[in-house]
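Let me begin by presenting the structure, written as structure tokens, before commenting on it.
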Amino acid sequence: MPPRRKPTPAPRKPTYFPDENVAERWDARHLLGHTEFDEFRFVGCDFGGADLRRLRFTDCRFEHCNLTTAQLAGTAFQNVAFDDCKLMGLQFGACRDMLFGVHFDQCQLRYASFAGRAMPGTRFVGCQLEDADFADADLSNAAFEDCALGGAVFQNTKLAGADFRTATGFIIDPERNPLAGAHFTLAGLLGVVARYNLVVE
């Protein structure tokens with residue numbers, strides 16, 4: 001029997017940004033004429049509703065930025081970190097597949113969609129994920145640390161090894177979502193067995 005492969009670790013959050021690549025308080029107009037951003041740090045930028053289609057961001061970091069309802073068809077997020085950002089309603093499922101990798105810390109991700117997205121090992125830390133859509137996504141070994149997941153959709157979602165120990169509000173059907181090796185607290189298990197109408201005392 002061949003040895004089991006260890007899960008591929010998620011890439012580390014980018015930390016190096018040349019001084020000339022620090023963009024503060026940009027809006028959508030500053031993106032015009034650009035197609036690629038490598039090792040950029042965006043601080044306090046307002047890209048709400050912006051057209052980010054077919055742009056490529058590699059080893060970038062967004063801090064205190066607003067990207068709510070930005071258009072992401074064909075956008076490449078390759079090892080991109082979002083810290084304290086407004087990302088409500090974003091359609092991450094429309095992003096380019098190649099080398100897709102993201103990190104989320106303290107972000108507002110209500111109504112965001114990750115449907116069909118392969119993102120094993122992704123870390124969500126302190127995020128608002130109410131009503132987010134994870135249907136058909138691969139979240140194997142992902143972590144939902146101190147995240148609010150009320151109303152989030154998990155359907156045919158690969159959740160093997162995922163960590164829900166400090167997450168709240170989730171309801172996950174174990175018959176529709178692979179959960180082998182996933183981590184839950186005893187209280188959190190109520191969100192897994194909710195469909196069975198059990199009484200846990």
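Every chain in the structure tokens has a letter given in the order shown (A, B, ...), and although residue numbers restart at 1 in each chain, ligands are simply numbered from 1 in the order shown.
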From region 30-198 of chain A, collect each residue whose DSSP state is helix (DSSP H, G or I) and return the set as number ranges by chain.
-> A: 30-31, 92-94, 188-191, 194-196
Looking only at the backbone, which of the residues in region 23-90 of chain A does DSSP tag as strand (DSSP E or B), as a VMD selection string?
-> chain A and resid 23 to 24 27 36 to 38 41 to 43 46 51 56 to 58 61 to 63 66 71 76 to 83 86
Please provide as number ranges by chain all residues within 8 Å of region 87-96 of chain A, with the sequence filter that same-chain residues fewer than 4 positions apart are discarded (counting only C-alpha atoms).
-> A: 66-77, 100, 107-117
Output of the above residues as a JSON list (two decimals), in the first residue's frame, restricted to N, CA, C and O atoms:
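Writing the result to result-v2.json gives the following:
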[["chain", "number", "residue", "atom", "x", "y", "z"],
["A", 66, "ASN", "N", -11.54, 48.26, 0.87],
["A", 66, "ASN", "CA", -12.90, 47.91, 0.52],
["A", 66, "ASN", "C", -12.93, 47.38, -0.91],
["A", 66, "ASN", "O", -12.60, 48.11, -1.85],
["A", 67, "LEU", "N", -13.31, 46.11, -1.06],
["A", 67, "LEU", "CA", -13.45, 45.52, -2.38],
["A", 67, "LEU", "C", -14.87, 45.00, -2.60],
["A", 67, "LEU", "O", -15.12, 44.22, -3.52],
["A", 68, "THR", "N", -15.80, 45.44, -1.77],
["A", 68, "THR", "CA", -17.16, 44.92, -1.84],
["A", 68, "THR", "C", -17.73, 45.02, -3.25],
["A", 68, "THR", "O", -17.64, 46.06, -3.89],
["A", 69, "THR", "N", -18.28, 43.92, -3.72],
["A", 69, "THR", "CA", -18.92, 43.77, -5.04],
["A", 69, "THR", "C", -17.98, 44.09, -6.21],
["A", 69, "THR", "O", -18.45, 44.36, -7.31],
["A", 70, "ALA", "N", -16.68, 44.03, -6.00],
["A", 70, "ALA", "CA", -15.75, 44.17, -7.14],
["A", 70, "ALA", "C", -15.95, 42.99, -8.09],
["A", 70, "ALA", "O", -16.35, 41.90, -7.68],
["A", 71, "GLN", "N", -15.67, 43.22, -9.37],
["A", 71, "GLN", "CA", -15.84, 42.17, -10.38],
["A", 71, "GLN", "C", -14.56, 41.35, -10.48],
["A", 71, "GLN", "O", -13.48, 41.90, -10.72],
["A", 72, "LEU", "N", -14.69, 40.03, -10.34],
["A", 72, "LEU", "CA", -13.52, 39.16, -10.25],
["A", 72, "LEU", "C", -13.44, 38.11, -11.35],
["A", 72, "LEU", "O", -12.65, 37.17, -11.25],
["A", 73, "ALA", "N", -14.17, 38.25, -12.42],
["A", 73, "ALA", "CA", -14.13, 37.25, -13.49],
["A", 73, "ALA", "C", -12.72, 37.19, -14.09],
["A", 73, "ALA", "O", -12.24, 38.16, -14.66],
["A", 74, "GLY", "N", -12.07, 36.05, -13.95],
["A", 74, "GLY", "CA", -10.73, 35.89, -14.51],
["A", 74, "GLY", "C", -9.63, 36.56, -13.72],
["A", 74, "GLY", "O", -8.47, 36.58, -14.16],
["A", 75, "THR", "N", -9.95, 37.10, -12.54],
["A", 75, "THR", "CA", -8.92, 37.72, -11.70],
["A", 75, "THR", "C", -8.03, 36.63, -11.11],
["A", 75, "THR", "O", -8.51, 35.57, -10.72],
["A", 76, "ALA", "N", -6.73, 36.90, -11.04],
["A", 76, "ALA", "CA", -5.79, 35.95, -10.43],
["A", 76, "ALA", "C", -5.36, 36.47, -9.07],
["A", 76, "ALA", "O", -4.80, 37.56, -8.97],
["A", 77, "PHE", "N", -5.65, 35.70, -8.03],
["A", 77, "PHE", "CA", -5.15, 35.97, -6.69],
["A", 77, "PHE", "C", -4.17, 34.86, -6.34],
["A", 77, "PHE", "O", -4.57, 33.76, -5.98],
["A", 100, "PHE", "N", -4.22, 29.77, -7.41],
["A", 100, "PHE", "CA", -5.10, 30.53, -6.52],
["A", 100, "PHE", "C", -4.72, 30.26, -5.07],
["A", 100, "PHE", "O", -4.61, 29.11, -4.65],
["A", 107, "CYS", "N", -11.75, 39.83, 8.26],
["A", 107, "CYS", "CA", -12.42, 40.37, 7.06],
["A", 107, "CYS", "C", -13.93, 40.16, 7.13],
["A", 107, "CYS", "O", -14.43, 39.23, 7.73],
["A", 108, "GLN", "N", -14.65, 41.09, 6.47],
["A", 108, "GLN", "CA", -16.09, 40.97, 6.32],
["A", 108, "GLN", "C", -16.36, 40.28, 4.98],
["A", 108, "GLN", "O", -16.14, 40.85, 3.92],
["A", 109, "LEU", "N", -16.83, 39.05, 5.06],
["A", 109, "LEU", "CA", -17.03, 38.21, 3.87],
["A", 109, "LEU", "C", -18.46, 37.73, 3.75],
["A", 109, "LEU", "O", -18.73, 36.70, 3.14],
["A", 110, "ARG", "N", -19.40, 38.48, 4.30],
["A", 110, "ARG", "CA", -20.80, 38.10, 4.19],
["A", 110, "ARG", "C", -21.21, 37.99, 2.72],
["A", 110, "ARG", "O", -20.84, 38.84, 1.91],
["A", 111, "TYR", "N", -21.95, 36.96, 2.41],
["A", 111, "TYR", "CA", -22.48, 36.72, 1.05],
["A", 111, "TYR", "C", -21.39, 36.46, 0.01],
["A", 111, "TYR", "O", -21.68, 36.41, -1.18],
["A", 112, "ALA", "N", -20.15, 36.30, 0.41],
["A", 112, "ALA", "CA", -19.10, 35.96, -0.56],
["A", 112, "ALA", "C", -19.31, 34.54, -1.06],
["A", 112, "ALA", "O", -19.85, 33.68, -0.34],
["A", 113, "SER", "N", -18.89, 34.26, -2.28],
["A", 113, "SER", "CA", -19.04, 32.93, -2.85],
["A", 113, "SER", "C", -17.68, 32.33, -3.19],
["A", 113, "SER", "O", -16.89, 32.94, -3.90],
["A", 114, "PHE", "N", -17.46, 31.13, -2.66],
["A", 114, "PHE", "CA", -16.28, 30.34, -2.99],
["A", 114, "PHE", "C", -16.71, 29.06, -3.70],
["A", 114, "PHE", "O", -15.98, 28.07, -3.71],
["A", 115, "ALA", "N", -17.89, 29.07, -4.28],
["A", 115, "ALA", "CA", -18.47, 27.88, -4.89],
["A", 115, "ALA", "C", -17.54, 27.28, -5.94],
["A", 115, "ALA", "O", -17.06, 27.98, -6.83],
["A", 116, "GLY", "N", -17.25, 25.99, -5.79],
["A", 116, "GLY", "CA", -16.42, 25.28, -6.75],
["A", 116, "GLY", "C", -14.94, 25.59, -6.66],
["A", 116, "GLY", "O", -14.15, 25.04, -7.45],
["A", 117, "ARG", "N", -14.53, 26.40, -5.71],
["A", 117, "ARG", "CA", -13.14, 26.83, -5.63],
["A", 117, "ARG", "C", -12.28, 25.82, -4.86],
["A", 117, "ARG", "O", -12.65, 25.37, -3.78]]
Smallest atom-to-atom distance to Gln106 (chain A): which of A:Leu52, A:Leu189, A:Cys85, A:Leu129, using only C-alpha atoms?
->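 Closest to Gln106 (chain A), using only C-alpha atoms: A:Cys85.
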Please identify all polymer residues within 8 Å of region 150-157 of chain A, counting only C-alpha atoms, omitting same-chain residues fewer than 3 positions from it, and present them as an MDAnalysis selection string.
-> chainID A and resid 129:139 168:173 176:178
Residues within 7 Å of Phe40 (chain A), please, as a JSON list (two decimals) with N, CA, C and O atoms, in the first residue's frame. Count only C-alpha atoms; anything in the same chain fewer than 6 positions from it doesn't count.
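Output file result_34.json is given in full below:
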[["chain", "number", "residue", "atom", "x", "y", "z"],
["A", 17, "PHE", "N", 7.48, 43.88, 0.46],
["A", 17, "PHE", "CA", 6.92, 44.80, -0.53],
["A", 17, "PHE", "C", 7.90, 45.95, -0.75],
["A", 17, "PHE", "O", 8.21, 46.69, 0.18],
["A", 21, "ASN", "N", 6.11, 49.92, -4.21],
["A", 21, "ASN", "CA", 4.91, 49.11, -4.44],
["A", 21, "ASN", "C", 3.91, 49.23, -3.29],
["A", 21, "ASN", "O", 3.03, 48.38, -3.15],
["A", 22, "VAL", "N", 4.04, 50.26, -2.48],
["A", 22, "VAL", "CA", 3.07, 50.51, -1.42],
["A", 22, "VAL", "C", 2.05, 51.52, -1.92],
["A", 22, "VAL", "O", 2.40, 52.67, -2.19],
["A", 60, "CYS", "N", 0.65, 39.69, -2.92],
["A", 60, "CYS", "CA", 0.16, 41.02, -2.54],
["A", 60, "CYS", "C", -0.57, 40.97, -1.21],
["A", 60, "CYS", "O", -0.97, 39.91, -0.73],
["A", 61, "ARG", "N", -0.75, 42.15, -0.64],
["A", 61, "ARG", "CA", -1.46, 42.26, 0.63],
["A", 61, "ARG", "C", -2.40, 43.47, 0.59],
["A", 61, "ARG", "O", -1.99, 44.56, 0.19]]
So how many Å separate CA of Cys65 (chain A) and CA of Glu20 (chain A), to one decimal?
->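 Taking CA of Cys65 (chain A) and CA of Glu20 (chain A), their separation equals 18.6 Å.
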Long-range neighbours of Cys147 (chain A) as a PyMOL selection string, 7 Å cut-off, only C-alpha atoms, 2 positions minimum in chain | chain A and resi 125-129+144-145+149+167-168
For N, CA and C atoms, I'd like the residues from the last selection saved as an mmCIF file, in the first residue's frame.
data_model
loop_
_atom_site.group_PDB
_atom_site.id
_atom_site.type_symbol
_atom_site.label_atom_id
_atom_site.label_comp_id
_atom_site.auth_asym_id
_atom_site.auth_seq_id
_atom_site.Cartn_x
_atom_site.Cartn_y
_atom_site.Cartn_z
ATOM 1 N N VAL A 125 -9.372 33.811 9.660
ATOM 2 C CA VAL A 125 -9.166 34.153 11.063
ATOM 3 C C VAL A 125 -10.020 35.367 11.422
ATOM 4 N N GLY A 126 -10.925 35.186 12.377
ATOM 5 C CA GLY A 126 -11.735 36.298 12.854
ATOM 6 C C GLY A 126 -12.611 36.923 11.798
ATOM 7 N N CYS A 127 -13.133 36.120 10.882
ATOM 8 C CA CYS A 127 -13.896 36.648 9.741
ATOM 9 C C CYS A 127 -15.404 36.493 9.929
ATOM 10 N N GLN A 128 -16.141 37.440 9.358
ATOM 11 C CA GLN A 128 -17.594 37.373 9.295
ATOM 12 C C GLN A 128 -17.964 36.680 7.985
ATOM 13 N N LEU A 129 -18.435 35.451 8.072
ATOM 14 C CA LEU A 129 -18.711 34.629 6.890
ATOM 15 C C LEU A 129 -20.179 34.228 6.811
ATOM 16 N N PHE A 144 -11.048 27.681 10.270
ATOM 17 C CA PHE A 144 -12.009 28.761 10.495
ATOM 18 C C PHE A 144 -11.850 29.203 11.953
ATOM 19 N N GLU A 145 -10.851 30.009 12.200
ATOM 20 C CA GLU A 145 -10.514 30.402 13.563
ATOM 21 C C GLU A 145 -11.325 31.625 13.984
ATOM 22 N N LEU A 149 -20.178 31.775 11.067
ATOM 23 C CA LEU A 149 -20.576 31.049 9.866
ATOM 24 C C LEU A 149 -22.086 30.844 9.769
ATOM 25 N N ALA A 167 -15.062 28.147 15.540
ATOM 26 C CA ALA A 167 -16.062 28.760 14.662
ATOM 27 C C ALA A 167 -17.442 28.653 15.304
ATOM 28 N N THR A 168 -18.359 29.522 14.896
ATOM 29 C CA THR A 168 -19.699 29.524 15.463
ATOM 30 C C THR A 168 -20.751 29.630 14.355
#
Quick one, how far is CA of Glu24 (chain A) from CA of Asp46 (chain A)?
-> 9.7 Å
